[in-house]
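As provided, model_38.pdb (PDB, C-alpha atoms, pLDDT in the B column) reads as follows.
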ATOM      1  CA  MET A   1     -23.024 138.245 235.739  1.00 73.00           C
ATOM      2  CA  ARG A   2     -26.119 137.102 237.589  1.00 88.00           C
ATOM      3  CA  PHE A   3     -29.560 138.474 236.829  1.00 84.00           C
ATOM      4  CA  SER A   4     -29.804 139.985 240.327  1.00 87.00           C
ATOM      5  CA  GLU A   5     -26.708 142.077 239.573  1.00 93.00           C
ATOM      6  CA  HIS A   6     -28.288 143.350 236.343  1.00 95.00           C
ATOM      7  CA  LEU A   7     -31.398 144.282 238.346  1.00 95.00           C
ATOM      8  CA  TRP A   8     -29.333 146.193 240.904  1.00 96.00           C
ATOM      9  CA  ILE A   9     -27.545 148.236 238.259  1.00 97.00           C
ATOM     10  CA  MET A  10     -30.784 148.835 236.324  1.00 98.00           C
ATOM     11  CA  GLU A  11     -32.417 150.123 239.503  1.00 98.00           C
ATOM     12  CA  ASN A  12     -29.562 152.635 239.806  1.00 98.00           C
ATOM     13  CA  THR A  13     -30.039 153.546 236.142  1.00 98.00           C
ATOM     14  CA  TYR A  14     -33.721 154.143 236.842  1.00 98.00           C
ATOM     15  CA  ARG A  15     -32.838 156.489 239.724  1.00 98.00           C
ATOM     16  CA  GLU A  16     -30.506 158.435 237.439  1.00 98.00           C
ATOM     17  CA  ALA A  17     -33.303 158.681 234.857  1.00 98.00           C
ATOM     18  CA  GLU A  18     -35.541 160.220 237.516  1.00 98.00           C
ATOM     19  CA  LYS A  19     -32.993 163.060 237.756  1.00 98.00           C
ATOM     20  CA  ALA A  20     -33.446 163.744 234.049  1.00 98.00           C
ATOM     21  CA  PHE A  21     -37.226 163.715 234.557  1.00 98.00           C
ATOM     22  CA  GLN A  22     -36.912 166.397 237.262  1.00 97.00           C
ATOM     23  CA  LEU A  23     -34.894 168.557 234.846  1.00 97.00           C
ATOM     24  CA  GLY A  24     -37.532 168.307 232.116  1.00 96.00           C
ATOM     25  CA  GLU A  25     -35.396 165.937 230.055  1.00 97.00           C
ATOM     26  CA  VAL A  26     -36.700 162.684 228.614  1.00 97.00           C
ATOM     27  CA  PRO A  27     -35.943 160.328 231.533  1.00 98.00           C
ATOM     28  CA  VAL A  28     -33.212 158.217 230.028  1.00 98.00           C
ATOM     29  CA  ALA A  29     -30.014 157.369 231.870  1.00 98.00           C
ATOM     30  CA  ALA A  30     -26.936 155.258 231.295  1.00 98.00           C
ATOM     31  CA  ILE A  31     -24.491 153.557 233.625  1.00 98.00           C
ATOM     32  CA  ILE A  32     -21.238 152.063 232.421  1.00 98.00           C
ATOM     33  CA  THR A  33     -19.646 149.226 234.367  1.00 98.00           C
ATOM     34  CA  ASP A  34     -16.283 147.539 234.032  1.00 97.00           C
ATOM     35  CA  SER A  35     -15.987 143.832 233.225  1.00 93.00           C
ATOM     36  CA  GLU A  36     -16.377 143.008 236.933  1.00 93.00           C
ATOM     37  CA  GLY A  37     -19.689 144.870 237.160  1.00 94.00           C
ATOM     38  CA  ARG A  38     -18.348 147.868 239.093  1.00 96.00           C
ATOM     39  CA  GLU A  39     -19.911 151.186 238.153  1.00 97.00           C
ATOM     40  CA  VAL A  40     -17.502 153.482 236.343  1.00 97.00           C
ATOM     41  CA  LEU A  41     -19.787 156.415 235.554  1.00 97.00           C
ATOM     42  CA  ARG A  42     -23.357 157.471 234.958  1.00 98.00           C
ATOM     43  CA  ALA A  43     -25.113 160.053 232.826  1.00 98.00           C
ATOM     44  CA  HIS A  44     -28.609 161.147 231.853  1.00 98.00           C
ATOM     45  CA  ASN A  45     -30.136 162.948 228.893  1.00 98.00           C
ATOM     46  CA  LEU A  46     -29.179 166.608 228.515  1.00 98.00           C
ATOM     47  CA  LYS A  47     -30.666 167.280 225.081  1.00 97.00           C
ATOM     48  CA  GLU A  48     -32.829 170.211 226.213  1.00 97.00           C
ATOM     49  CA  LYS A  49     -30.300 171.753 228.588  1.00 97.00           C
ATOM     50  CA  ASN A  50     -27.486 171.610 226.022  1.00 97.00           C
ATOM     51  CA  GLN A  51     -29.718 172.190 222.987  1.00 98.00           C
ATOM     52  CA  ASP A  52     -27.824 169.307 221.409  1.00 98.00           C
ATOM     53  CA  ALA A  53     -29.711 166.554 219.577  1.00 97.00           C
ATOM     54  CA  SER A  54     -26.865 164.136 220.294  1.00 98.00           C
ATOM     55  CA  ALA A  55     -26.886 164.700 224.079  1.00 98.00           C
ATOM     56  CA  HIS A  56     -28.462 161.327 224.780  1.00 98.00           C
ATOM     57  CA  ALA A  57     -27.406 159.602 227.998  1.00 98.00           C
ATOM     58  CA  GLU A  58     -25.547 156.887 226.080  1.00 98.00           C
ATOM     59  CA  ILE A  59     -23.518 159.318 223.968  1.00 98.00           C
ATOM     60  CA  ILE A  60     -22.644 161.482 226.967  1.00 98.00           C
ATOM     61  CA  ALA A  61     -21.504 158.445 228.980  1.00 98.00           C
ATOM     62  CA  LEU A  62     -19.474 156.945 226.119  1.00 98.00           C
ATOM     63  CA  ARG A  63     -17.711 160.232 225.353  1.00 98.00           C
ATOM     64  CA  GLU A  64     -16.939 160.833 229.014  1.00 98.00           C
ATOM     65  CA  LEU A  65     -15.466 157.368 229.545  1.00 98.00           C
ATOM     66  CA  ALA A  66     -13.405 157.538 226.347  1.00 98.00           C
ATOM     67  CA  LYS A  67     -11.976 160.851 227.495  1.00 98.00           C
ATOM     68  CA  LYS A  68     -11.311 159.497 230.989  1.00 97.00           C
ATOM     69  CA  ASN A  69      -9.547 156.410 229.563  1.00 96.00           C
ATOM     70  CA  SER A  70      -7.762 158.299 226.765  1.00 98.00           C
ATOM     71  CA  SER A  71      -9.176 155.734 224.342  1.00 98.00           C
ATOM     72  CA  TRP A  72     -12.356 155.380 222.324  1.00 97.00           C
ATOM     73  CA  ARG A  73     -11.994 151.585 222.474  1.00 97.00           C
ATOM     74  CA  LEU A  74     -14.187 150.570 225.414  1.00 98.00           C
ATOM     75  CA  ASN A  75     -14.033 146.802 224.839  1.00 95.00           C
ATOM     76  CA  ASN A  76     -14.027 145.849 228.521  1.00 95.00           C
ATOM     77  CA  PHE A  77     -17.092 147.832 229.533  1.00 98.00           C
ATOM     78  CA  ASN A  78     -20.836 147.231 229.693  1.00 98.00           C
ATOM     79  CA  LEU A  79     -23.523 149.842 229.122  1.00 98.00           C
ATOM     80  CA  TYR A  80     -26.813 149.881 231.018  1.00 98.00           C
ATOM     81  CA  VAL A  81     -29.653 152.092 229.769  1.00 98.00           C
ATOM     82  CA  ASN A  82     -33.208 152.231 231.062  1.00 98.00           C
ATOM     83  CA  LEU A  83     -34.635 152.587 227.520  1.00 98.00           C
ATOM     84  CA  GLU A  84     -33.732 150.738 224.336  1.00 98.00           C
ATOM     85  CA  PRO A  85     -31.179 152.873 222.453  1.00 98.00           C
ATOM     86  CA  CYS A  86     -32.130 154.695 219.274  1.00 98.00           C
ATOM     87  CA  PRO A  87     -30.279 153.971 215.995  1.00 98.00           C
ATOM     88  CA  MET A  88     -27.827 156.837 216.615  1.00 98.00           C
ATOM     89  CA  CYS A  89     -26.910 155.499 220.045  1.00 98.00           C
ATOM     90  CA  MET A  90     -26.668 151.880 218.851  1.00 98.00           C
ATOM     91  CA  SER A  91     -24.212 153.023 216.188  1.00 98.00           C
ATOM     92  CA  ALA A  92     -22.199 154.903 218.799  1.00 98.00           C
ATOM     93  CA  ILE A  93     -22.193 151.867 221.093  1.00 98.00           C
ATOM     94  CA  SER A  94     -20.765 149.843 218.215  1.00 98.00           C
ATOM     95  CA  GLN A  95     -18.189 152.500 217.334  1.00 97.00           C
ATOM     96  CA  PHE A  96     -16.991 152.748 220.943  1.00 98.00           C
ATOM     97  CA  ARG A  97     -16.651 148.929 221.009  1.00 98.00           C
ATOM     98  CA  ILE A  98     -18.767 148.322 224.115  1.00 98.00           C
ATOM     99  CA  SER A  99     -18.838 144.623 225.103  1.00 97.00           C
ATOM    100  CA  LYS A 100     -22.426 144.348 226.270  1.00 97.00           C
ATOM    101  CA  LEU A 101     -25.582 146.474 226.259  1.00 98.00           C
ATOM    102  CA  ILE A 102     -28.237 145.864 228.887  1.00 98.00           C
ATOM    103  CA  PHE A 103     -31.415 147.913 228.596  1.00 98.00           C
ATOM    104  CA  GLY A 104     -34.749 148.262 230.350  1.00 98.00           C
ATOM    105  CA  ALA A 105     -37.834 149.142 228.334  1.00 98.00           C
ATOM    106  CA  TYR A 106     -38.240 148.349 224.672  1.00 98.00           C
ATOM    107  CA  ASP A 107     -39.050 151.403 222.538  1.00 97.00           C
ATOM    108  CA  PRO A 108     -41.276 150.422 219.598  1.00 96.00           C
ATOM    109  CA  LYS A 109     -41.352 154.013 218.285  1.00 95.00           C
ATOM    110  CA  GLY A 110     -37.633 154.806 218.387  1.00 97.00           C
ATOM    111  CA  GLY A 111     -35.570 151.863 219.577  1.00 98.00           C
ATOM    112  CA  ALA A 112     -33.042 150.530 217.096  1.00 98.00           C
ATOM    113  CA  ILE A 113     -33.791 146.845 217.686  1.00 98.00           C
ATOM    114  CA  SER A 114     -37.555 147.372 217.764  1.00 98.00           C
ATOM    115  CA  LEU A 115     -37.266 149.181 214.434  1.00 97.00           C
ATOM    116  CA  GLY A 116     -35.215 146.341 212.954  1.00 97.00           C
ATOM    117  CA  TYR A 117     -31.763 147.932 213.109  1.00 97.00           C
ATOM    118  CA  ASN A 118     -29.757 145.042 214.541  1.00 97.00           C
ATOM    119  CA  ILE A 119     -26.457 146.907 214.487  1.00 97.00           C
ATOM    120  CA  HIS A 120     -25.178 144.825 217.407  1.00 97.00           C
ATOM    121  CA  LYS A 121     -25.109 141.642 215.333  1.00 96.00           C
ATOM    122  CA  ASP A 122     -24.531 142.947 211.804  1.00 96.00           C
ATOM    123  CA  GLN A 123     -21.623 140.907 210.428  1.00 95.00           C
ATOM    124  CA  ARG A 124     -20.877 143.626 207.853  1.00 95.00           C
ATOM    125  CA  LEU A 125     -19.687 145.872 210.671  1.00 94.00           C
ATOM    126  CA  ASN A 126     -16.381 145.305 212.408  1.00 92.00           C
ATOM    127  CA  HIS A 127     -17.781 145.060 215.944  1.00 96.00           C
ATOM    128  CA  GLN A 128     -20.632 142.989 217.354  1.00 96.00           C
ATOM    129  CA  PHE A 129     -21.788 143.018 220.946  1.00 98.00           C
ATOM    130  CA  GLU A 130     -24.183 141.197 223.220  1.00 97.00           C
ATOM    131  CA  VAL A 131     -27.567 142.725 224.045  1.00 98.00           C
ATOM    132  CA  ILE A 132     -29.917 141.912 226.910  1.00 97.00           C
ATOM    133  CA  GLY A 133     -33.240 143.747 226.841  1.00 97.00           C
ATOM    134  CA  GLY A 134     -36.341 144.022 228.983  1.00 97.00           C
ATOM    135  CA  ILE A 135     -34.738 144.406 232.432  1.00 97.00           C
ATOM    136  CA  MET A 136     -37.366 146.142 234.589  1.00 97.00           C
ATOM    137  CA  GLN A 137     -39.400 146.660 231.397  1.00 97.00           C
ATOM    138  CA  TYR A 138     -42.632 147.730 233.101  1.00 98.00           C
ATOM    139  CA  LYS A 139     -41.123 150.151 235.619  1.00 98.00           C
ATOM    140  CA  ASN A 140     -38.958 151.849 232.981  1.00 98.00           C
ATOM    141  CA  SER A 141     -41.834 152.054 230.463  1.00 97.00           C
ATOM    142  CA  LYS A 142     -44.048 153.619 233.100  1.00 98.00           C
ATOM    143  CA  LEU A 143     -41.478 156.334 233.849  1.00 98.00           C
ATOM    144  CA  ILE A 144     -41.225 157.270 230.163  1.00 97.00           C
ATOM    145  CA  SER A 145     -45.028 157.228 229.767  1.00 96.00           C
ATOM    146  CA  GLU A 146     -45.520 159.434 232.827  1.00 97.00           C
ATOM    147  CA  PHE A 147     -43.041 161.955 231.453  1.00 97.00           C
ATOM    148  CA  PHE A 148     -44.805 162.247 228.095  1.00 95.00           C
ATOM    149  CA  LYS A 149     -48.277 162.313 229.698  1.00 94.00           C
ATOM    150  CA  ILE A 150     -47.203 165.412 231.671  1.00 93.00           C
ATOM    151  CA  ARG A 151     -45.526 167.034 228.665  1.00 84.00           C
ATOM    152  CA  ARG A 152     -48.510 166.681 226.314  1.00 80.00           C
TER
END
Just dump the structure as structure tokens.
Amino acid sequence: MRFSEHLWIMENTYREAEKAFQLGEVPVAAIITDSEGREVLRAHNLKEKNQDASAHAEIIALRELAKKNSSWRLNNFNLYVNLEPCPMCMSAISQFRISKLIFGAYDPKGGAISLGYNIHKDQRLNHQFEVIGGIMQYKNSKLISEFFKIRR
């Protein structure tokens, strides 16, 4: 997939994250694409609305697609997220067997990779996947920062 295609999908992920922002949710969104780059579904954080600590955009999207496909094995799908996934979400991404993760802003306070949890390439686990980070880093970081500036 070309970089311009990653940018297009990340821009759509950003727009979905803005919806979460408007709902008072941390503005994180996920889009899942098939192996050809076609969008399959999208989701955003619903942690506050659902009062569910696991209602991160990634988890919601993965569960929804597994249900839709009647299989938790999502080997032929890619996951786009505007913020680096936390350790819980990185573990879920591995468990659902996603092929590739593409994310926007790095998260030094809560992102799995930034914290040193390289689940995606841990040979002790039975699934590894490709990761591309930093797509629209500045724009996605700014959205998150704006949200927390308002909330505090």
Selected residue, from A:Ala66, A:Met10, A:Ala61, A:Ile98, that lies nearest to Ser35 (chain A) when counting only C-alpha atoms: A:Ile98
So how many Å separate CA of Phe148 (chain A) and CA of Gly110 (chain A), to one decimal?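 Between these atoms lies a distance of 14.2 Å.
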I need the residue nearest Tyr117 (chain A) from this list: A:Ala30, A:Leu83, A:Met90, A:Val40. Use all atoms listed in the file for the distance.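 Under the stated criterion, the closest residue is A:Met90.
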Care to translate the PyMOL selection byres ((chain A and resi 106-109) around 10) into actual residues of this file, as an MDAnalysis selection string? chainID A and resid 82:86 103:105 110:116 133:135 137:138 140:141 144
Which is closer to Ile31 (chain A) than all the others in A:His6, A:Arg124, A:Lys139, A:Lys49, using all atoms listed in the file?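 That would be A:His6, the residue with the smallest distance to Ile31 (chain A).
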Pick from A:Ile59, A:Val81, A:Met88, A:Ala29: nearest to Ile102 (chain A), with only C-alpha atoms counted? A:Val81
Spell out the residues picked by the PyMOL selection byres ((chain A and resi 20) around 12) here, as an mmCIF file with C-alpha atoms, in the coordinates of the input.
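What ended up in expr_39.cif:
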data_model
loop_
_atom_site.group_PDB
_atom_site.id
_atom_site.type_symbol
_atom_site.label_atom_id
_atom_site.label_comp_id
_atom_site.auth_asym_id
_atom_site.auth_seq_id
_atom_site.Cartn_x
_atom_site.Cartn_y
_atom_site.Cartn_z
ATOM 1 C CA THR A 13 -30.039 153.546 236.142
ATOM 2 C CA TYR A 14 -33.721 154.143 236.842
ATOM 3 C CA ARG A 15 -32.838 156.489 239.724
ATOM 4 C CA GLU A 16 -30.506 158.435 237.439
ATOM 5 C CA ALA A 17 -33.303 158.681 234.857
ATOM 6 C CA GLU A 18 -35.541 160.220 237.516
ATOM 7 C CA LYS A 19 -32.993 163.060 237.756
ATOM 8 C CA PHE A 21 -37.226 163.715 234.557
ATOM 9 C CA GLN A 22 -36.912 166.397 237.262
ATOM 10 C CA LEU A 23 -34.894 168.557 234.846
ATOM 11 C CA GLY A 24 -37.532 168.307 232.116
ATOM 12 C CA GLU A 25 -35.396 165.937 230.055
ATOM 13 C CA VAL A 26 -36.700 162.684 228.614
ATOM 14 C CA PRO A 27 -35.943 160.328 231.533
ATOM 15 C CA VAL A 28 -33.212 158.217 230.028
ATOM 16 C CA ALA A 29 -30.014 157.369 231.870
ATOM 17 C CA ALA A 30 -26.936 155.258 231.295
ATOM 18 C CA ARG A 42 -23.357 157.471 234.958
ATOM 19 C CA ALA A 43 -25.113 160.053 232.826
ATOM 20 C CA HIS A 44 -28.609 161.147 231.853
ATOM 21 C CA ASN A 45 -30.136 162.948 228.893
ATOM 22 C CA LEU A 46 -29.179 166.608 228.515
ATOM 23 C CA LYS A 47 -30.666 167.280 225.081
ATOM 24 C CA GLU A 48 -32.829 170.211 226.213
ATOM 25 C CA LYS A 49 -30.300 171.753 228.588
ATOM 26 C CA ALA A 55 -26.886 164.700 224.079
ATOM 27 C CA HIS A 56 -28.462 161.327 224.780
ATOM 28 C CA ALA A 57 -27.406 159.602 227.998
ATOM 29 C CA ASN A 82 -33.208 152.231 231.062
ATOM 30 C CA LEU A 143 -41.478 156.334 233.849
ATOM 31 C CA ILE A 144 -41.225 157.270 230.163
ATOM 32 C CA PHE A 147 -43.041 161.955 231.453
#
CA of Arg2 (chain A) to CA of Phe96 (chain A): how many Å, to one decimal?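 Between CA of Arg2 (chain A) and CA of Phe96 (chain A) the gap works out to 24.6 Å.
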Looking at only C-alpha atoms, which of A:Asn78, A:Ser94, A:Ser54, A:Ser4 is the one that sits closest to Ile119 (chain A)?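 Of the candidates, the smallest distance to Ile119 (chain A) is held by A:Ser94.
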Residue among A:Ser99, A:Gln123, A:Ser91, A:Asn12 lying closest to Arg73 (chain A), counting all atoms listed in the file: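 Using all atoms listed in the file, Arg73 (chain A) sits closest to A:Ser99.
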Need to verify the contact set: Glu130 (chain A), 7 Å, only C-alpha atoms, exclusion of same-chain residues closer than 5 positions in sequence. Can you return it as a VMD selection string? chain A and resid 99 to 101 120
Take CA of His127 (chain A) and CA of Cys89 (chain A) and report the distance between them in Å, one decimal.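 Straight-line distance from CA of His127 (chain A) to CA of Cys89 (chain A) works out to 14.5 Å.
With only C-alpha atoms taken into account, the protein and nucleic acid residues at most 9 Å from Met1 (chain A) (excluding it and anything under 4 positions from it in its own chain) are Glu5, His6, Glu36 and Gly37 of chain A.
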Please supply region 95-112 of chain A, rebuilt with N, CA and C atoms, as a CSV table (one decimal), in the frame of the given file.
chain,number,residue,atom,x,y,z
A,95,GLN,N,-19.4,151.8,217.6
A,95,GLN,CA,-18.2,152.5,217.3
A,95,GLN,C,-17.3,152.6,218.5
A,96,PHE,N,-17.8,152.7,219.7
A,96,PHE,CA,-17.0,152.7,220.9
A,96,PHE,C,-16.6,151.4,221.4
A,97,ARG,N,-17.1,150.3,220.7
A,97,ARG,CA,-16.7,148.9,221.0
A,97,ARG,C,-17.1,148.4,222.4
A,98,ILE,N,-18.2,148.8,222.9
A,98,ILE,CA,-18.8,148.3,224.1
A,98,ILE,C,-19.0,146.8,224.0
A,99,SER,N,-18.7,146.1,225.1
A,99,SER,CA,-18.8,144.6,225.1
A,99,SER,C,-20.3,144.2,225.2
A,100,LYS,N,-21.1,144.8,226.1
A,100,LYS,CA,-22.4,144.3,226.3
A,100,LYS,C,-23.3,145.5,226.6
A,101,LEU,N,-24.5,145.5,226.0
A,101,LEU,CA,-25.6,146.5,226.3
A,101,LEU,C,-26.7,145.8,227.0
A,102,ILE,N,-27.1,146.4,228.1
A,102,ILE,CA,-28.2,145.9,228.9
A,102,ILE,C,-29.2,147.0,229.0
A,103,PHE,N,-30.5,146.8,228.5
A,103,PHE,CA,-31.4,147.9,228.6
A,103,PHE,C,-32.7,147.5,229.3
A,104,GLY,N,-33.5,148.5,229.7
A,104,GLY,CA,-34.7,148.3,230.4
A,104,GLY,C,-35.9,148.1,229.4
A,105,ALA,N,-36.6,149.2,229.1
A,105,ALA,CA,-37.8,149.1,228.3
A,105,ALA,C,-37.5,149.1,226.8
A,106,TYR,N,-38.3,148.3,226.1
A,106,TYR,CA,-38.2,148.3,224.7
A,106,TYR,C,-38.9,149.6,224.2
A,107,ASP,N,-38.5,150.2,223.1
A,107,ASP,CA,-39.0,151.4,222.5
A,107,ASP,C,-39.5,151.2,221.1
A,108,PRO,N,-40.8,150.8,220.9
A,108,PRO,CA,-41.3,150.4,219.6
A,108,PRO,C,-41.3,151.6,218.6
A,109,LYS,N,-41.3,152.8,219.2
A,109,LYS,CA,-41.4,154.0,218.3
A,109,LYS,C,-40.0,154.5,217.9
A,110,GLY,N,-38.9,154.2,218.7
A,110,GLY,CA,-37.6,154.8,218.4
A,110,GLY,C,-36.4,153.9,218.7
A,111,GLY,N,-36.7,152.8,219.2
A,111,GLY,CA,-35.6,151.9,219.6
A,111,GLY,C,-35.0,151.2,218.4
A,112,ALA,N,-33.7,151.1,218.3
A,112,ALA,CA,-33.0,150.5,217.1
A,112,ALA,C,-33.5,149.1,216.8
